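K.L.:
I have a structure I would like to understand better, so I am pasting it below and will then ask my questions one at a time.
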2 protein chains.
Amino acid sequence: MSVTAQAAGNGATRPQRASLEDKKSMLDKVDCFIFDCDGVIWRGDSVIEGVPETLDMLRAMGKQLIFVTNNSTKSRAGYLKKFTGLGLNVEAAEIYSSSYAAAAYLESIQFAKEKKVYVVGEVGIQEELDLKGISHIGGPADGDKKVELTPGMLLEHDHDVGAVVVGFDRNINYYKIQMATLCIRENPGCLFIATNTDAVTHLTDAQEWAGNGSMVGAIKGSTKREPIVVGKPAEFMLENIATQFGLQRSQICMVGDRLDTDILFGKNGGLATILCLSGVTTEEQLLSPDNSIHPDCYMDSLAALLEAKQPVAA
Amino acid sequence: MSVTAQAAGNGATRPQRASLEDKKSMLDKVDCFIFDCDGVIWRGDSVIEGVPETLDMLRAMGKQLIFVTNNSTKSRAGYLKKFTGLGLNVEAAEIYSSSYAAAAYLESIQFAKEKKVYVVGEVGIQEELDLKGISHIGGPADGDKKVELTPGMLLEHDHDVGAVVVGFDRNINYYKIQMATLCIRENPGCLFIATNTDAVTHLTDAQEWAGNGSMVGAIKGSTKREPIVVGKPAEFMLENIATQFGLQRSQICMVGDRLDTDILFGKNGGLATILCLSGVTTEEQLLSPDNSIHPDCYMDSLAALLEAKQPVAA
């Protein structure tokens, strides 16, 4: 009896390594694949073997492909360079960055044209807001500003700011924190939007770097407000994708390498889910009785889908 | 029937405006008064009328006086200038700043001599650590550091850091956030200590400024750890004061102007409590059925205690 066929002690079905039939069935029912990139498409600066061919196959089958990243420092167009640099044939419209998610969210709520966004973050958010015609201030322009205190000093903030968008910002400073805080606390109805709340980010491969959880945490700490999160694992992204492509949730499959983010996100959203072992999760961790997050199926890497391309000889 | 004598709807005793007997009784049983300063001792840059005489009276009666501040940017010696500048006769040892609290906490747990503290904060924390002979790095020296990213770059952190102390820091930057994050995440047993988590602070009278809640929030966001809080309203401060002066909790009285911080803090710690109406809380707010935080008694200002100095003619 294979290990995957054993019933788990708690009565839940144990995760199944995808059989050929599982893969065919997945390709039949799913019209849109949402990919977490790091650990599924690439690892560090290398594309995972067989992935470009798998993406070509899926595209040839008419599947909608969406590449998700919580990186907000780049716009979709900016992030595209990462794909093309790795030799991957992808279009900007297939990339769903958290910078785009912030702009798409504001569009979805019909953010008032006379209002502005105060940006804590980098150029990606600004570029996506520009594409939606949404006015903004802050961002990199406030990167070198200092608060020089003199008695009775007051920092004037813009009363037309109707939303503060907080994304990863390696030039975070007290000026930006105070400006964001004033807008959220003092402008009636001002929204507090976080591109994501990831604890760590991968600025370089050499170590883990403090992520946007820090920038969002700073603004939470002074406003005592919880943000609207638009990137992974927020519900907004799924809703936005389903609406944009006219799909039911069951027609969408989340493909990721992390159980507590990617797979949980997919399952909570009612999507099909595939875990790839090409990233941070090992088969042992997946099958451990301590793990209660079970994808519909798992495979060594996305390339394992290739065998479903054509009938296999018996 | 006076408004204070009415029973509250929920059965709890309504707060009492202190009578002469209440004041005498308080002075009999209490040996140590802990004062929140802003709204009790001063308002902005002015001492509240009658307060200096009241402090003199309490001192003449042999009472221990402690002036509490969550301001960590100054040491006790540094903060003393604020008192003397206002004409108040106070000693550094009577001031309990959150910068001192951080150093006192590390002393109380016998922080290893070979370990260091990484400081996110200003000079006050450094000065208090120096007085306890505790090594430290970071602080203002890291105020202008930037993370210049190159491929494969790694920020080296000091593996001898055994505690990160986070206090208000108007020069917060990504370098400090990453350094604090690395120490907490990667040094086994490294403590995460917050001088306080106040949302706002009063850098100037002209507006409210983002407080240490921002700096602490940034480190919480990247470490997913909760800090040990040593300033108000943490239990450590009371324990430290009670031990230092050999007092029972019932011999200590918290005097403040805020219900949800000062008075709640005192009540949770088993102290006597006095609310002064000389700060942010009005009598209406105090007596509102919506307020469930009741001090033992309240008075217009600390100066109301003066009438208990000597017998009043009938």
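By convention here, the chains of the structure tokens are called A, B, ... in the order presented, each chain's residues are numbered starting at 1, and ligands are numbered starting at 1 in the order presented.
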If you run DSSP on the backbone here, which positions in range 3-110 of chain B get strand (DSSP E)? Please write them as a VMD selection string.

P.N.:
chain B and resid 32 to 36 42 to 43 46 to 47 64 to 69 95 to 97

K.L.:
Could you please select, counting only C-alpha atoms, the residues of chain B within 9 Å of chain A and state them as a ChimeraX atom specification?

P.N.:
/B:146-147,149-155,169-175,177-178,181-182,197-200,203-224

K.L.:
Take the residues from that selection and write them out as a tab-separated table (two decimals), in the first residue's frame, keeping N, CA and C atoms.

P.N.:
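Result saved to part.tsv:
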chain	number	residue	atom	x	y	z
B	146	LYS	N	22.06	52.92	5.12
B	146	LYS	CA	21.13	52.49	4.07
B	146	LYS	C	21.49	51.08	3.64
B	147	VAL	N	20.50	50.37	3.16
B	147	VAL	CA	20.75	49.05	2.61
B	147	VAL	C	20.89	49.22	1.09
B	149	LEU	N	21.42	47.47	-2.17
B	149	LEU	CA	21.30	46.08	-2.58
B	149	LEU	C	22.14	45.74	-3.79
B	150	THR	N	22.91	44.69	-3.64
B	150	THR	CA	23.64	44.11	-4.76
B	150	THR	C	23.30	42.63	-4.76
B	151	PRO	N	23.40	41.96	-5.92
B	151	PRO	CA	23.02	40.54	-5.96
B	151	PRO	C	23.79	39.72	-4.92
B	152	GLY	N	23.09	38.85	-4.24
B	152	GLY	CA	23.72	37.98	-3.26
B	152	GLY	C	24.10	38.67	-1.96
B	153	MET	N	23.70	39.95	-1.83
B	153	MET	CA	24.08	40.70	-0.63
B	153	MET	C	23.43	40.13	0.63
B	154	LEU	N	24.21	40.24	1.70
B	154	LEU	CA	23.79	39.72	2.99
B	154	LEU	C	24.19	40.75	4.04
B	155	LEU	N	23.28	41.07	4.94
B	155	LEU	CA	23.59	42.00	6.02
B	155	LEU	C	24.07	41.16	7.20
B	169	ASP	N	11.84	56.20	17.81
B	169	ASP	CA	13.04	56.48	17.02
B	169	ASP	C	12.65	57.27	15.79
B	170	ARG	N	12.93	58.58	15.82
B	170	ARG	CA	12.52	59.38	14.67
B	170	ARG	C	13.45	59.18	13.48
B	171	ASN	N	14.50	58.39	13.67
B	171	ASN	CA	15.37	58.03	12.55
B	171	ASN	C	15.27	56.54	12.23
B	172	ILE	N	14.09	55.99	12.43
B	172	ILE	CA	13.85	54.59	12.06
B	172	ILE	C	14.15	54.43	10.57
B	173	ASN	N	14.78	53.34	10.20
B	173	ASN	CA	15.05	53.10	8.79
B	173	ASN	C	15.08	51.59	8.53
B	174	TYR	N	15.22	51.22	7.25
B	174	TYR	CA	15.15	49.81	6.91
B	174	TYR	C	16.34	49.04	7.42
B	175	TYR	N	17.50	49.69	7.50
B	175	TYR	CA	18.69	49.03	8.04
B	175	TYR	C	18.43	48.55	9.47
B	177	ILE	N	15.53	48.11	10.94
B	177	ILE	CA	14.46	47.10	10.96
B	177	ILE	C	15.04	45.73	10.62
B	178	GLN	N	15.87	45.69	9.58
B	178	GLN	CA	16.44	44.41	9.17
B	178	GLN	C	17.40	43.87	10.23
B	181	THR	N	15.42	42.57	13.09
B	181	THR	CA	14.73	41.35	12.65
B	181	THR	C	15.69	40.16	12.63
B	182	LEU	N	16.87	40.36	12.09
B	182	LEU	CA	17.86	39.27	12.04
B	182	LEU	C	18.22	38.80	13.44
B	197	THR	N	4.14	50.66	23.75
B	197	THR	CA	3.52	50.48	22.43
B	197	THR	C	2.51	51.60	22.15
B	198	ASP	N	2.77	52.78	22.69
B	198	ASP	CA	1.84	53.90	22.51
B	198	ASP	C	1.67	54.24	21.02
B	199	ALA	N	0.41	54.40	20.62
B	199	ALA	CA	0.13	54.75	19.22
B	199	ALA	C	0.66	56.14	18.90
B	200	VAL	N	0.46	57.07	19.82
B	200	VAL	CA	0.90	58.44	19.54
B	200	VAL	C	1.78	58.96	20.67
B	203	LEU	N	5.48	64.90	20.47
B	203	LEU	CA	6.76	65.53	20.14
B	203	LEU	C	6.61	67.04	20.20
B	204	THR	N	5.47	67.53	19.72
B	204	THR	CA	5.14	68.95	19.84
B	204	THR	C	3.69	69.02	20.28
B	205	ASP	N	3.29	70.19	20.77
B	205	ASP	CA	1.90	70.37	21.20
B	205	ASP	C	0.96	70.54	20.02
B	206	ALA	N	1.52	70.80	18.83
B	206	ALA	CA	0.68	71.19	17.70
B	206	ALA	C	-0.11	70.04	17.10
B	207	GLN	N	0.39	68.81	17.22
B	207	GLN	CA	-0.36	67.68	16.69
B	207	GLN	C	0.09	66.40	17.39
B	208	GLU	N	-0.66	65.34	17.19
B	208	GLU	CA	-0.24	64.04	17.70
B	208	GLU	C	0.72	63.42	16.69
B	209	TRP	N	1.76	62.78	17.17
B	209	TRP	CA	2.78	62.19	16.32
B	209	TRP	C	2.77	60.68	16.50
B	210	ALA	N	3.04	59.98	15.41
B	210	ALA	CA	3.12	58.52	15.48
B	210	ALA	C	4.11	58.13	16.58
B	211	GLY	N	3.71	57.21	17.44
B	211	GLY	CA	4.52	56.87	18.60
B	211	GLY	C	5.31	55.58	18.41
B	212	ASN	N	5.80	55.06	19.52
B	212	ASN	CA	6.62	53.85	19.45
B	212	ASN	C	5.82	52.63	18.99
B	213	GLY	N	4.49	52.74	19.00
B	213	GLY	CA	3.68	51.68	18.40
B	213	GLY	C	4.12	51.40	16.96
B	214	SER	N	4.59	52.43	16.27
B	214	SER	CA	5.07	52.25	14.88
B	214	SER	C	6.36	51.45	14.83
B	215	MET	N	7.32	51.81	15.67
B	215	MET	CA	8.61	51.11	15.64
B	215	MET	C	8.43	49.65	16.08
B	216	VAL	N	7.65	49.45	17.13
B	216	VAL	CA	7.39	48.10	17.61
B	216	VAL	C	6.59	47.31	16.56
B	217	GLY	N	5.62	47.98	15.94
B	217	GLY	CA	4.80	47.34	14.91
B	217	GLY	C	5.65	46.87	13.74
B	218	ALA	N	6.64	47.66	13.38
B	218	ALA	CA	7.52	47.28	12.27
B	218	ALA	C	8.26	45.97	12.59
B	219	ILE	N	8.75	45.85	13.82
B	219	ILE	CA	9.52	44.64	14.18
B	219	ILE	C	8.57	43.46	14.41
B	220	LYS	N	7.39	43.72	14.94
B	220	LYS	CA	6.39	42.64	15.05
B	220	LYS	C	6.05	42.10	13.67
B	221	GLY	N	5.91	43.01	12.71
B	221	GLY	CA	5.48	42.62	11.37
B	221	GLY	C	6.46	41.73	10.64
B	222	SER	N	7.73	41.85	10.94
B	222	SER	CA	8.73	41.03	10.25
B	222	SER	C	9.17	39.82	11.06
B	223	THR	N	8.91	39.84	12.38
B	223	THR	CA	9.33	38.70	13.20
B	223	THR	C	8.15	37.83	13.61
B	224	LYS	N	6.93	38.38	13.51
B	224	LYS	CA	5.72	37.70	13.98
B	224	LYS	C	5.87	37.32	15.47

K.L.:
Excluding range 16-32 of chain B and residues on its chain fewer than 3 positions from it, collect all residues at most 10 Å away from it, counting only C-alpha atoms, and give them as a PyMOL selection string.

P.N.:
chain B and resi 2-6+13+35+58+61-66+241-242+245+247-254+271-275+283+287+294-300+304-312

K.L.:
Quote the spacing between CA of Leu302 in chain A and CA of Gly39 in chain A in Å to one decimal place.

P.N.:
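Between CA of Leu302 in chain A and CA of Gly39 in chain A the gap works out to 9.9 Å.
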
K.L.:
May I ask for the distance between CA of Gly246 in chain B and CA of Phe67 in chain B, given in Å to one decimal place?

P.N.:
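So the two atoms, CA of Gly246 in chain B and CA of Phe67 in chain B, lie 17.8 Å apart.
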
K.L.:
Taking the chain letters and numbering used in this document, name the residues of range 53-244 of chain A that DSSP puts in alpha helix (DSSP H), as a PyMOL selection string.

P.N.:
chain A and resi 53-60+76-85+98-108+123-131+174-186+212-223+235-244

K.L.:
Find, counting only C-alpha atoms, the residue in A:Cys183, A:Val51, A:Ile41, A:Leu191 that gets nearest to Gly138 in chain A.

P.N.:
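Nearest candidate to Gly138 in chain A out of A:Cys183, A:Val51, A:Ile41, A:Leu191: A:Cys183.
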